[in-house]
Amino acid sequence: MALTPPQLHPAVKPASAILFELFQRLLAAYGPQHWWPGETPFEVTIGAILTQSTAWKNVERAIASLKLRGLLDPGELRRVPVARLAEAIRPSGYYNVKAKKLKAMAAWLGAQKDSFAALSRRDIASLRLELLSIWGVGEETADSVLLYACNKPVFVVDAYTRRIMARLGLLPPTTDYAGCQALFMNNLPRHTGLYNEYHALLVVHGKSACKTDPVCRACVLASLCPQGNRC
DNA sequence: AACCAGGAGACAT
DNA sequence: ATGTCTCATGGT
């Protein structure tokens, strides 16, 4: 094509500006979240699997149960029979599949010498592919481990992120994981601390009143919503 | 008392 | 490639 039509009106506000403003508002409204709730990178990783489609409250119970039984350790997870592991994580739901997932993760960690320090030194792209190859680890779980356990600048996308972005009109509702992740990573500086806090804030906001209301009142993102109060 | 949580794998289309 | 089903406890 030879010609690019002249821009008749100034381009819409760049995505980078919108995303940064969104972040500022969430931070001002909810405050720093200091995620991930977990004392060690290993515990973060276990939590990332246990929280799949599950309320965090139930995950806390499962993790407490693992601690109580001395199972919150990669070696112990490898040793314990799956049936007993399933029983231990029962409050988190889906305990049979999740027991298998924890086993798969523990086995892989063993091949990494159970060292998150070593993992954190590795290349992001190849590490992500390896995490995705573990049974039970999908994109969100892999990215949660990369960001919150390995301190990598990788943006985590979840159901809340998708819904909020769609309601703000920043993405089509059908946008896939990679597309949603790209919006953030291509328009924000690749800083671990920023991604850490941003994702946490999106989750916190997602759980707020805006969850079910088609039109939410007193929403902290009100001024960013295109048509009415729908974030 | 239905509805749903900080998803992912198996399987059909 | 995209859609549907399954997995399961506990809170609202």
# chains A, B, ... in the order shown; residues from 1 in each chain; ligands from 1

$ residues_around --residues "DG3 in chain C" --least-positions-apart "6" --cutoff "12 Å" --atoms "only C-alpha atoms (C1' of nucleotides)" --output "PDB file with N, CA and C atoms (P, O5', C5', C4', C3', O3' and C1' of nucleotides), in the first residue's frame"
ATOM      1  P    DC B  11      -8.904 -39.442  26.632  1.00  0.00           P
ATOM      2  O5'  DC B  11     -10.076 -38.875  25.721  1.00  0.00           O
ATOM      3  C5'  DC B  11     -11.334 -38.512  26.303  1.00  0.00           C
ATOM      4  C4'  DC B  11     -12.107 -37.620  25.334  1.00  0.00           C
ATOM      5  C3'  DC B  11     -12.002 -38.065  23.869  1.00  0.00           C
ATOM      6  O3'  DC B  11     -13.268 -38.563  23.447  1.00  0.00           O
ATOM      7  C1'  DC B  11     -11.900 -35.692  24.116  1.00  0.00           C
ATOM      8  P    DA B  12     -13.538 -39.013  21.934  1.00  0.00           P
ATOM      9  O5'  DA B  12     -14.404 -37.784  21.386  1.00  0.00           O
ATOM     10  C5'  DA B  12     -15.548 -37.355  22.105  1.00  0.00           C
ATOM     11  C4'  DA B  12     -16.203 -36.153  21.411  1.00  0.00           C
ATOM     12  C3'  DA B  12     -16.419 -36.353  19.913  1.00  0.00           C
ATOM     13  O3'  DA B  12     -17.705 -35.861  19.552  1.00  0.00           O
ATOM     14  C1'  DA B  12     -15.083 -34.419  20.306  1.00  0.00           C
ATOM     15  P    DT B  13     -18.256 -36.060  18.023  1.00  0.00           P
ATOM     16  O5'  DT B  13     -18.010 -34.637  17.353  1.00  0.00           O
ATOM     17  C5'  DT B  13     -18.540 -33.476  17.968  1.00  0.00           C
ATOM     18  C4'  DT B  13     -18.006 -32.198  17.312  1.00  0.00           C
ATOM     19  C3'  DT B  13     -18.081 -32.214  15.781  1.00  0.00           C
ATOM     20  O3'  DT B  13     -18.901 -31.148  15.348  1.00  0.00           O
ATOM     21  C1'  DT B  13     -15.965 -31.406  16.549  1.00  0.00           C
TER      22       DT B  13
END

$ interface_residues --of "chain A" --to "chain C" --cutoff "8 Å" --atoms "only C-alpha atoms (C1' of nucleotides)" --output "list in words"
Asn58, Arg90, Pro91, Ser92, Gly93, Tyr94, Tyr95, Asn96 and Val97 of chain A

$ interface_residues --of "chain B" --to "chain A" --cutoff "8 Å" --atoms "only C-alpha atoms (C1' of nucleotides)" --output "NGL selection string"
:B and (5-9)

$ select_by_dssp --residues "range 1-229 of chain A" --states "helix (DSSP H, G or I)" --output "compact mmCIF listing (two decimals) with N, CA and C atoms, in the first residue's frame"
# COMPACT_ATOMS: atom_id res chain seq x y z
N ALA A 15 -1.96 2.45 24.78
CA ALA A 15 -2.24 1.39 25.74
C ALA A 15 -1.34 1.50 26.96
N SER A 16 -0.10 1.90 26.73
CA SER A 16 0.83 1.99 27.86
C SER A 16 0.34 2.98 28.90
N ALA A 17 -0.23 4.10 28.43
CA ALA A 17 -0.74 5.10 29.37
C ALA A 17 -1.96 4.59 30.11
N ILE A 18 -2.85 3.93 29.38
CA ILE A 18 -4.05 3.39 30.01
C ILE A 18 -3.69 2.34 31.05
N LEU A 19 -2.78 1.44 30.69
CA LEU A 19 -2.41 0.37 31.60
C LEU A 19 -1.73 0.90 32.85
N PHE A 20 -0.95 1.96 32.67
CA PHE A 20 -0.28 2.53 33.83
C PHE A 20 -1.27 3.25 34.74
N GLU A 21 -2.21 3.93 34.12
CA GLU A 21 -3.23 4.61 34.92
C GLU A 21 -4.10 3.61 35.67
N LEU A 22 -4.42 2.55 34.99
CA LEU A 22 -5.20 1.48 35.63
C LEU A 22 -4.46 0.95 36.86
N PHE A 23 -3.17 0.73 36.69
CA PHE A 23 -2.36 0.24 37.80
C PHE A 23 -2.36 1.22 38.98
N GLN A 24 -2.18 2.48 38.65
CA GLN A 24 -2.15 3.50 39.70
C GLN A 24 -3.45 3.54 40.50
N ARG A 25 -4.55 3.41 39.78
CA ARG A 25 -5.84 3.46 40.47
C ARG A 25 -6.05 2.25 41.37
N LEU A 26 -5.69 1.11 40.86
CA LEU A 26 -5.83 -0.11 41.66
C LEU A 26 -4.95 -0.03 42.91
N LEU A 27 -3.73 0.44 42.72
CA LEU A 27 -2.80 0.54 43.85
C LEU A 27 -3.30 1.53 44.89
N ALA A 28 -3.82 2.66 44.39
CA ALA A 28 -4.34 3.67 45.32
C ALA A 28 -5.55 3.14 46.09
N ALA A 29 -6.37 2.35 45.40
CA ALA A 29 -7.61 1.86 46.02
C ALA A 29 -7.39 0.71 46.99
N TYR A 30 -6.50 -0.20 46.63
CA TYR A 30 -6.37 -1.42 47.42
C TYR A 30 -5.05 -1.50 48.20
N PRO A 41 9.71 -20.16 47.83
CA PRO A 41 9.38 -20.39 46.42
C PRO A 41 8.71 -21.75 46.21
N PHE A 42 9.13 -22.73 46.95
CA PHE A 42 8.51 -24.05 46.83
C PHE A 42 7.04 -24.00 47.26
N GLU A 43 6.78 -23.34 48.36
CA GLU A 43 5.40 -23.22 48.84
C GLU A 43 4.55 -22.44 47.84
N VAL A 44 5.13 -21.42 47.23
CA VAL A 44 4.43 -20.65 46.20
C VAL A 44 4.04 -21.56 45.04
N THR A 45 4.96 -22.41 44.64
CA THR A 45 4.72 -23.31 43.52
C THR A 45 3.61 -24.31 43.83
N ILE A 46 3.64 -24.86 45.03
CA ILE A 46 2.59 -25.79 45.45
C ILE A 46 1.25 -25.06 45.47
N GLY A 47 1.25 -23.84 45.99
CA GLY A 47 0.02 -23.05 46.04
C GLY A 47 -0.52 -22.75 44.66
N ALA A 48 0.38 -22.54 43.70
CA ALA A 48 -0.04 -22.22 42.33
C ALA A 48 -0.84 -23.38 41.73
N ILE A 49 -0.47 -24.59 42.08
CA ILE A 49 -1.20 -25.76 41.58
C ILE A 49 -2.50 -25.95 42.35
N LEU A 50 -2.41 -25.82 43.66
CA LEU A 50 -3.60 -26.06 44.49
C LEU A 50 -4.70 -25.04 44.25
N TRP A 56 -8.77 -19.38 47.48
CA TRP A 56 -7.50 -19.42 48.20
C TRP A 56 -7.67 -19.92 49.64
N LYS A 57 -8.80 -19.61 50.22
CA LYS A 57 -9.08 -20.05 51.59
C LYS A 57 -8.93 -21.57 51.72
N ASN A 58 -9.43 -22.27 50.72
CA ASN A 58 -9.33 -23.73 50.75
C ASN A 58 -7.90 -24.20 50.51
N VAL A 59 -7.15 -23.42 49.74
CA VAL A 59 -5.75 -23.74 49.50
C VAL A 59 -4.95 -23.61 50.79
N GLU A 60 -5.27 -22.59 51.58
CA GLU A 60 -4.58 -22.40 52.86
C GLU A 60 -4.75 -23.62 53.77
N ARG A 61 -5.97 -24.14 53.77
CA ARG A 61 -6.22 -25.33 54.59
C ARG A 61 -5.38 -26.50 54.12
N ALA A 62 -5.33 -26.68 52.80
CA ALA A 62 -4.57 -27.80 52.24
C ALA A 62 -3.08 -27.66 52.55
N ILE A 63 -2.57 -26.44 52.44
CA ILE A 63 -1.15 -26.21 52.72
C ILE A 63 -0.85 -26.43 54.20
N ALA A 64 -1.75 -25.96 55.06
CA ALA A 64 -1.59 -26.20 56.50
C ALA A 64 -1.56 -27.69 56.79
N SER A 65 -2.41 -28.42 56.10
CA SER A 65 -2.47 -29.87 56.27
C SER A 65 -1.16 -30.53 55.83
N LEU A 66 -0.61 -30.03 54.73
CA LEU A 66 0.66 -30.57 54.24
C LEU A 66 1.78 -30.31 55.26
N LYS A 67 1.79 -29.11 55.81
CA LYS A 67 2.79 -28.76 56.81
C LYS A 67 2.67 -29.67 58.03
N LEU A 68 1.44 -29.81 58.48
CA LEU A 68 1.16 -30.61 59.67
C LEU A 68 1.67 -32.04 59.51
N PRO A 74 9.76 -31.10 48.78
CA PRO A 74 9.80 -31.81 47.50
C PRO A 74 10.09 -33.30 47.66
N GLY A 75 11.05 -33.64 48.49
CA GLY A 75 11.40 -35.04 48.69
C GLY A 75 10.26 -35.84 49.27
N GLU A 76 9.59 -35.24 50.24
CA GLU A 76 8.46 -35.93 50.87
C GLU A 76 7.31 -36.11 49.88
N LEU A 77 7.11 -35.13 49.03
CA LEU A 77 6.05 -35.24 48.03
C LEU A 77 6.33 -36.39 47.07
N ARG A 78 7.61 -36.62 46.81
CA ARG A 78 7.99 -37.71 45.92
C ARG A 78 7.77 -39.06 46.61
N ARG A 79 8.01 -39.06 47.92
CA ARG A 79 7.96 -40.31 48.69
C ARG A 79 6.53 -40.77 49.01
N VAL A 82 0.37 -41.40 46.42
CA VAL A 82 -0.58 -40.41 45.90
C VAL A 82 -1.88 -40.41 46.67
N ALA A 83 -2.33 -41.57 47.08
CA ALA A 83 -3.61 -41.66 47.79
C ALA A 83 -3.54 -40.89 49.10
N ARG A 84 -2.39 -41.01 49.78
CA ARG A 84 -2.23 -40.30 51.05
C ARG A 84 -2.07 -38.79 50.82
N LEU A 85 -1.41 -38.45 49.73
CA LEU A 85 -1.25 -37.05 49.37
C LEU A 85 -2.61 -36.43 49.05
N ALA A 86 -3.41 -37.17 48.31
CA ALA A 86 -4.75 -36.70 47.95
C ALA A 86 -5.57 -36.42 49.21
N GLU A 87 -5.45 -37.29 50.16
CA GLU A 87 -6.19 -37.14 51.41
C GLU A 87 -5.73 -35.87 52.14
N ALA A 88 -4.44 -35.63 52.07
CA ALA A 88 -3.87 -34.48 52.79
C ALA A 88 -4.31 -33.14 52.19
N ARG A 90 -7.12 -32.56 50.63
CA ARG A 90 -8.55 -32.66 50.38
C ARG A 90 -9.31 -31.31 50.37
N PRO A 91 -9.04 -30.40 51.32
CA PRO A 91 -9.82 -29.16 51.34
C PRO A 91 -9.67 -28.31 50.08
N SER A 92 -8.64 -28.51 49.30
CA SER A 92 -8.43 -27.68 48.12
C SER A 92 -9.30 -28.12 46.95
N TYR A 95 -8.91 -33.11 44.59
CA TYR A 95 -7.71 -33.60 45.28
C TYR A 95 -7.03 -34.75 44.57
N ASN A 96 -7.80 -35.54 43.81
CA ASN A 96 -7.14 -36.66 43.11
C ASN A 96 -6.25 -36.17 41.97
N VAL A 97 -6.77 -35.28 41.15
CA VAL A 97 -5.94 -34.77 40.05
C VAL A 97 -4.80 -33.90 40.59
N LYS A 98 -5.11 -33.11 41.61
CA LYS A 98 -4.07 -32.22 42.14
C LYS A 98 -2.95 -33.00 42.81
N ALA A 99 -3.27 -34.14 43.41
CA ALA A 99 -2.22 -34.97 44.00
C ALA A 99 -1.26 -35.43 42.91
N LYS A 100 -1.82 -35.80 41.77
CA LYS A 100 -0.97 -36.21 40.64
C LYS A 100 -0.15 -35.05 40.13
N LYS A 101 -0.76 -33.88 40.11
CA LYS A 101 -0.04 -32.70 39.64
C LYS A 101 1.12 -32.36 40.56
N LEU A 102 0.89 -32.44 41.86
CA LEU A 102 1.97 -32.16 42.81
C LEU A 102 3.10 -33.17 42.64
N LYS A 103 2.74 -34.41 42.40
CA LYS A 103 3.73 -35.46 42.15
C LYS A 103 4.58 -35.12 40.93
N ALA A 104 3.90 -34.71 39.86
CA ALA A 104 4.60 -34.39 38.61
C ALA A 104 5.55 -33.21 38.83
N MET A 105 5.07 -32.20 39.55
CA MET A 105 5.90 -31.03 39.83
C MET A 105 7.10 -31.41 40.70
N ALA A 106 6.86 -32.20 41.72
CA ALA A 106 7.94 -32.61 42.63
C ALA A 106 8.99 -33.43 41.89
N ALA A 107 8.52 -34.26 40.98
CA ALA A 107 9.45 -35.08 40.19
C ALA A 107 10.34 -34.19 39.33
N TRP A 108 9.72 -33.21 38.70
CA TRP A 108 10.50 -32.29 37.86
C TRP A 108 11.48 -31.48 38.70
N LEU A 109 11.01 -31.02 39.86
CA LEU A 109 11.90 -30.25 40.74
C LEU A 109 13.11 -31.09 41.15
N GLY A 110 12.88 -32.37 41.33
CA GLY A 110 13.99 -33.25 41.70
C GLY A 110 15.07 -33.22 40.64
N ALA A 111 14.65 -33.20 39.38
CA ALA A 111 15.61 -33.13 38.27
C ALA A 111 16.34 -31.79 38.26
N PHE A 116 15.41 -23.58 43.58
CA PHE A 116 14.79 -22.44 42.92
C PHE A 116 15.82 -21.36 42.63
N ALA A 117 16.88 -21.36 43.41
CA ALA A 117 17.97 -20.41 43.12
C ALA A 117 18.56 -20.71 41.75
N ALA A 118 18.71 -22.00 41.46
CA ALA A 118 19.24 -22.40 40.16
C ALA A 118 18.23 -22.08 39.05
N LEU A 119 16.96 -22.33 39.32
CA LEU A 119 15.92 -22.05 38.34
C LEU A 119 15.91 -20.57 37.97
N SER A 120 16.08 -19.74 39.01
CA SER A 120 16.01 -18.29 38.80
C SER A 120 17.13 -17.77 37.91
N ILE A 124 14.34 -17.33 30.63
CA ILE A 124 12.89 -17.34 30.82
C ILE A 124 12.16 -18.23 29.81
N ALA A 125 12.45 -18.04 28.54
CA ALA A 125 11.69 -18.74 27.50
C ALA A 125 11.81 -20.25 27.61
N SER A 126 13.01 -20.75 27.79
CA SER A 126 13.19 -22.20 27.85
C SER A 126 12.62 -22.76 29.16
N LEU A 127 12.76 -21.99 30.22
CA LEU A 127 12.22 -22.43 31.51
C LEU A 127 10.70 -22.53 31.44
N ARG A 128 10.10 -21.55 30.76
CA ARG A 128 8.64 -21.56 30.62
C ARG A 128 8.19 -22.80 29.85
N LEU A 129 8.88 -23.10 28.76
CA LEU A 129 8.51 -24.28 27.97
C LEU A 129 8.63 -25.55 28.79
N GLU A 130 9.65 -25.60 29.61
CA GLU A 130 9.84 -26.80 30.43
C GLU A 130 8.74 -26.92 31.48
N LEU A 131 8.38 -25.80 32.09
CA LEU A 131 7.28 -25.82 33.06
C LEU A 131 6.00 -26.29 32.40
N LEU A 132 5.74 -25.80 31.18
CA LEU A 132 4.52 -26.17 30.46
C LEU A 132 4.49 -27.65 30.10
N GLU A 139 -0.58 -22.50 31.29
CA GLU A 139 0.06 -21.19 31.13
C GLU A 139 0.03 -20.35 32.40
N GLU A 140 -1.12 -20.28 33.03
CA GLU A 140 -1.20 -19.43 34.22
C GLU A 140 -0.32 -19.97 35.35
N THR A 141 -0.36 -21.26 35.55
CA THR A 141 0.45 -21.86 36.61
C THR A 141 1.94 -21.68 36.31
N ALA A 142 2.33 -21.91 35.08
CA ALA A 142 3.74 -21.75 34.69
C ALA A 142 4.19 -20.31 34.94
N ASP A 143 3.37 -19.37 34.51
CA ASP A 143 3.74 -17.97 34.67
C ASP A 143 3.74 -17.53 36.13
N SER A 144 2.85 -18.11 36.92
CA SER A 144 2.84 -17.81 38.36
C SER A 144 4.13 -18.27 39.02
N VAL A 145 4.61 -19.43 38.62
CA VAL A 145 5.87 -19.94 39.15
C VAL A 145 7.02 -19.06 38.69
N LEU A 146 7.00 -18.69 37.41
CA LEU A 146 8.07 -17.83 36.88
C LEU A 146 8.13 -16.50 37.61
N LEU A 147 6.97 -15.88 37.79
CA LEU A 147 6.93 -14.56 38.42
C LEU A 147 7.13 -14.61 39.93
N TYR A 148 6.33 -15.43 40.60
CA TYR A 148 6.29 -15.37 42.06
C TYR A 148 7.27 -16.31 42.77
N ALA A 149 7.77 -17.31 42.05
CA ALA A 149 8.75 -18.20 42.68
C ALA A 149 10.15 -17.97 42.13
N ALA A 159 -8.51 -15.47 34.91
CA ALA A 159 -9.88 -15.18 34.48
C ALA A 159 -10.28 -13.75 34.83
N TYR A 160 -9.83 -13.27 35.99
CA TYR A 160 -10.14 -11.90 36.40
C TYR A 160 -9.54 -10.90 35.40
N THR A 161 -8.29 -11.13 35.05
CA THR A 161 -7.60 -10.22 34.12
C THR A 161 -8.37 -10.11 32.81
N ARG A 162 -8.77 -11.25 32.29
CA ARG A 162 -9.52 -11.27 31.04
C ARG A 162 -10.82 -10.51 31.16
N ARG A 163 -11.56 -10.78 32.22
CA ARG A 163 -12.87 -10.16 32.37
C ARG A 163 -12.75 -8.64 32.53
N ILE A 164 -11.79 -8.21 33.33
CA ILE A 164 -11.62 -6.78 33.56
C ILE A 164 -11.20 -6.08 32.28
N MET A 165 -10.25 -6.66 31.57
CA MET A 165 -9.80 -6.05 30.31
C MET A 165 -10.93 -5.98 29.29
N ALA A 166 -11.75 -7.03 29.25
CA ALA A 166 -12.86 -7.05 28.29
C ALA A 166 -13.89 -5.99 28.65
N ARG A 167 -14.19 -5.88 29.95
CA ARG A 167 -15.20 -4.91 30.36
C ARG A 167 -14.74 -3.48 30.18
N TYR A 177 -4.88 -16.37 25.93
CA TYR A 177 -3.93 -16.08 26.99
C TYR A 177 -2.76 -15.24 26.49
N ALA A 178 -2.14 -15.70 25.41
CA ALA A 178 -0.96 -15.01 24.88
C ALA A 178 -1.28 -13.58 24.47
N GLY A 179 -2.46 -13.39 23.89
CA GLY A 179 -2.86 -12.06 23.46
C GLY A 179 -3.03 -11.11 24.61
N CYS A 180 -3.64 -11.61 25.67
CA CYS A 180 -3.85 -10.79 26.86
C CYS A 180 -2.51 -10.48 27.54
N GLN A 181 -1.67 -11.47 27.61
CA GLN A 181 -0.35 -11.29 28.21
C GLN A 181 0.48 -10.28 27.41
N ALA A 182 0.36 -10.36 26.10
CA ALA A 182 1.11 -9.46 25.22
C ALA A 182 0.72 -8.01 25.42
N LEU A 183 -0.58 -7.77 25.67
CA LEU A 183 -1.03 -6.40 25.90
C LEU A 183 -0.25 -5.76 27.04
N PHE A 184 -0.07 -6.51 28.11
CA PHE A 184 0.65 -5.98 29.26
C PHE A 184 2.15 -5.92 29.01
N MET A 185 2.71 -7.01 28.52
CA MET A 185 4.17 -7.08 28.39
C MET A 185 4.73 -6.22 27.27
N THR A 192 9.78 -7.07 37.33
CA THR A 192 9.17 -8.11 38.15
C THR A 192 8.23 -7.53 39.21
N GLY A 193 8.70 -6.48 39.90
CA GLY A 193 7.91 -5.90 40.97
C GLY A 193 6.59 -5.33 40.47
N LEU A 194 6.62 -4.72 39.32
CA LEU A 194 5.41 -4.16 38.72
C LEU A 194 4.41 -5.27 38.36
N TYR A 195 4.88 -6.31 37.71
CA TYR A 195 4.01 -7.42 37.31
C TYR A 195 3.46 -8.14 38.53
N ASN A 196 4.30 -8.28 39.51
CA ASN A 196 3.90 -8.91 40.77
C ASN A 196 2.68 -8.20 41.35
N GLU A 197 2.83 -6.90 41.53
CA GLU A 197 1.77 -6.11 42.16
C GLU A 197 0.54 -5.96 41.26
N TYR A 198 0.78 -5.82 39.98
CA TYR A 198 -0.32 -5.61 39.03
C TYR A 198 -1.27 -6.80 39.02
N HIS A 199 -0.72 -7.97 38.87
CA HIS A 199 -1.57 -9.17 38.83
C HIS A 199 -2.34 -9.33 40.14
N ALA A 200 -1.64 -9.13 41.24
CA ALA A 200 -2.28 -9.26 42.55
C ALA A 200 -3.45 -8.29 42.68
N LEU A 201 -3.24 -7.07 42.22
CA LEU A 201 -4.30 -6.06 42.31
C LEU A 201 -5.48 -6.40 41.42
N LEU A 202 -5.22 -6.96 40.25
CA LEU A 202 -6.31 -7.37 39.37
C LEU A 202 -7.16 -8.47 40.02
N VAL A 203 -6.49 -9.38 40.71
CA VAL A 203 -7.22 -10.45 41.40
C VAL A 203 -8.07 -9.86 42.52
N VAL A 204 -7.46 -8.99 43.30
CA VAL A 204 -8.19 -8.38 44.42
C VAL A 204 -9.40 -7.60 43.91
N HIS A 205 -9.19 -6.82 42.86
CA HIS A 205 -10.30 -6.07 42.30
C HIS A 205 -11.35 -7.00 41.70
N GLY A 206 -10.89 -8.07 41.07
CA GLY A 206 -11.81 -9.03 40.47
C GLY A 206 -12.74 -9.65 41.48
N ALA A 209 -16.79 -6.02 44.27
CA ALA A 209 -18.19 -5.92 43.87
C ALA A 209 -18.39 -6.03 42.37
N CYS A 210 -17.38 -5.70 41.60
CA CYS A 210 -17.52 -5.70 40.16
C CYS A 210 -17.68 -7.10 39.58
N LYS A 211 -17.49 -8.10 40.43
CA LYS A 211 -17.50 -9.48 39.95
C LYS A 211 -18.77 -9.84 39.20
N ALA A 222 -14.14 3.47 37.77
CA ALA A 222 -15.27 4.10 37.08
C ALA A 222 -14.86 5.00 35.93
N SER A 223 -13.89 5.87 36.16
CA SER A 223 -13.54 6.85 35.14
C SER A 223 -12.83 6.22 33.94
N LEU A 224 -12.45 4.96 34.05
CA LEU A 224 -11.78 4.29 32.94
C LEU A 224 -12.75 3.48 32.08

$ atom_distance --atom1 "C1' of DA10 in chain B" --atom2 "CA of Pro81 in chain A"
24.1 Å

$ atom_distance --atom1 "CA of Trp36 in chain A" --atom2 "CA of Cys150 in chain A"
11.4 Å
